[in-house]
Amino acid sequence: RTVIELSSLLSETIALLRNSPELRPDDLIREEYPSEPLLYQGDPNQMRQIFWNLARNAIQAMPQGGELSVTRRDGTGPPRRRTRRTIPA
């Protein structure tokens, strides 16, 4: 177990996905991370795999393309629920 900074690990994983052949030209990924670091004690490789699987599943769930929004919150404040669907023209 190691102390890791989650935003940089998440950003690193998304960069790999952007260069993956699984990402289609009609897929868009937006990232938004707070400037303050979020430290977590765990296995960085397992966290990378979790982030990769979640992002990859989201991309695969949009067979017509779409936008994947990746954000990181610190867990304070009320939970936000956001659903967005894009209907192809």
# chains A, B, ... in the order shown; residues from 1 in each chain; ligands from 1

call {"tool": "select_by_dssp", "arguments": {"residues": "chain A", "states": "strand (DSSP E)", "output": "JSON, numbers by chain"}}
result
{"A": [2, 3, 4, 5, 27, 28, 29, 30, 31, 32, 39, 40, 41, 42, 66, 67, 68, 69, 70, 71]}

call {"tool": "write_last_selection", "arguments": {"atoms": "N, CA, C and O atoms", "output": "compact mmCIF listing (two decimals), in the first residue's frame"}}
result
# COMPACT_ATOMS: atom_id res chain seq x y z
N THR A 2 0.47 2.17 -0.83
CA THR A 2 1.22 3.39 -1.02
C THR A 2 0.26 4.58 -0.96
O THR A 2 -0.91 4.43 -1.28
N VAL A 3 0.74 5.74 -0.58
CA VAL A 3 -0.08 6.95 -0.64
C VAL A 3 -0.01 7.46 -2.08
O VAL A 3 1.07 7.68 -2.62
N ILE A 4 -1.17 7.61 -2.69
CA ILE A 4 -1.24 8.06 -4.08
C ILE A 4 -2.15 9.28 -4.18
O ILE A 4 -3.04 9.47 -3.36
N GLU A 5 -1.90 10.09 -5.18
CA GLU A 5 -2.72 11.26 -5.44
C GLU A 5 -3.68 10.87 -6.56
O GLU A 5 -3.27 10.53 -7.66
N ASP A 27 -16.24 10.07 -29.89
CA ASP A 27 -16.22 10.06 -28.42
C ASP A 27 -15.46 11.28 -27.93
O ASP A 27 -14.42 11.62 -28.47
N LEU A 28 -16.00 11.91 -26.92
CA LEU A 28 -15.36 13.09 -26.32
C LEU A 28 -15.19 12.82 -24.83
O LEU A 28 -16.12 12.34 -24.18
N ILE A 29 -14.01 13.12 -24.32
CA ILE A 29 -13.77 12.97 -22.88
C ILE A 29 -13.42 14.35 -22.32
O ILE A 29 -12.52 15.02 -22.81
N ARG A 30 -14.15 14.75 -21.30
CA ARG A 30 -13.88 16.01 -20.60
C ARG A 30 -13.41 15.66 -19.19
O ARG A 30 -13.98 14.78 -18.55
N GLU A 31 -12.39 16.36 -18.75
CA GLU A 31 -11.86 16.13 -17.40
C GLU A 31 -11.92 17.42 -16.60
O GLU A 31 -11.66 18.49 -17.12
N GLU A 32 -12.25 17.27 -15.32
CA GLU A 32 -12.27 18.42 -14.42
C GLU A 32 -11.86 17.93 -13.03
O GLU A 32 -12.53 17.10 -12.43
N LEU A 39 -5.38 12.59 -1.49
CA LEU A 39 -4.49 11.47 -1.22
C LEU A 39 -5.28 10.26 -0.76
O LEU A 39 -6.28 10.37 -0.07
N TYR A 40 -4.80 9.10 -1.18
CA TYR A 40 -5.46 7.84 -0.86
C TYR A 40 -4.38 6.80 -0.62
O TYR A 40 -3.37 6.78 -1.34
N GLN A 41 -4.58 5.96 0.35
CA GLN A 41 -3.61 4.91 0.61
C GLN A 41 -4.14 3.61 -0.02
O GLN A 41 -5.20 3.11 0.34
N GLY A 42 -3.40 3.10 -0.98
CA GLY A 42 -3.83 1.89 -1.66
C GLY A 42 -2.82 1.48 -2.71
O GLY A 42 -1.72 2.03 -2.81
N GLY A 66 -20.39 9.87 -27.87
CA GLY A 66 -20.97 10.71 -26.83
C GLY A 66 -19.87 11.35 -26.00
O GLY A 66 -18.70 11.33 -26.37
N GLU A 67 -20.26 11.91 -24.89
CA GLU A 67 -19.33 12.62 -24.02
C GLU A 67 -19.20 11.90 -22.69
O GLU A 67 -20.20 11.61 -22.03
N LEU A 68 -17.98 11.62 -22.31
CA LEU A 68 -17.67 11.07 -21.00
C LEU A 68 -17.09 12.20 -20.17
O LEU A 68 -16.06 12.79 -20.54
N SER A 69 -17.76 12.54 -19.09
CA SER A 69 -17.29 13.61 -18.21
C SER A 69 -16.65 12.98 -16.97
O SER A 69 -17.31 12.23 -16.25
N VAL A 70 -15.38 13.28 -16.76
CA VAL A 70 -14.63 12.72 -15.64
C VAL A 70 -14.33 13.86 -14.67
O VAL A 70 -13.65 14.82 -15.01
N THR A 71 -14.88 13.76 -13.48
CA THR A 71 -14.65 14.79 -12.46
C THR A 71 -14.24 14.12 -11.16
O THR A 71 -14.50 12.94 -10.95

call {"tool": "select_by_dssp", "arguments": {"residues": "chain A", "states": "helix (DSSP H, G or I)", "output": "PyMOL selection string"}}
result
chain A and resi 6-18+44-60

call {"tool": "atom_distance", "arguments": {"atom1": "CA of Arg1 (chain A)", "atom2": "CA of Ile50 (chain A)"}}
result
15.7 Å

call {"tool": "closest_residue", "arguments": {"among": "A:Ser7, A:Met62, A:Phe51, A:Asn45", "to": "Glu22 (chain A)", "atoms": "only C-alpha atoms"}}
result
A:Met62

call {"tool": "closest_residue", "arguments": {"among": "A:Arg72, A:Leu9, A:Asn57, A:Ala15", "to": "Asp43 (chain A)", "atoms": "only C-alpha atoms"}}
result
A:Leu9
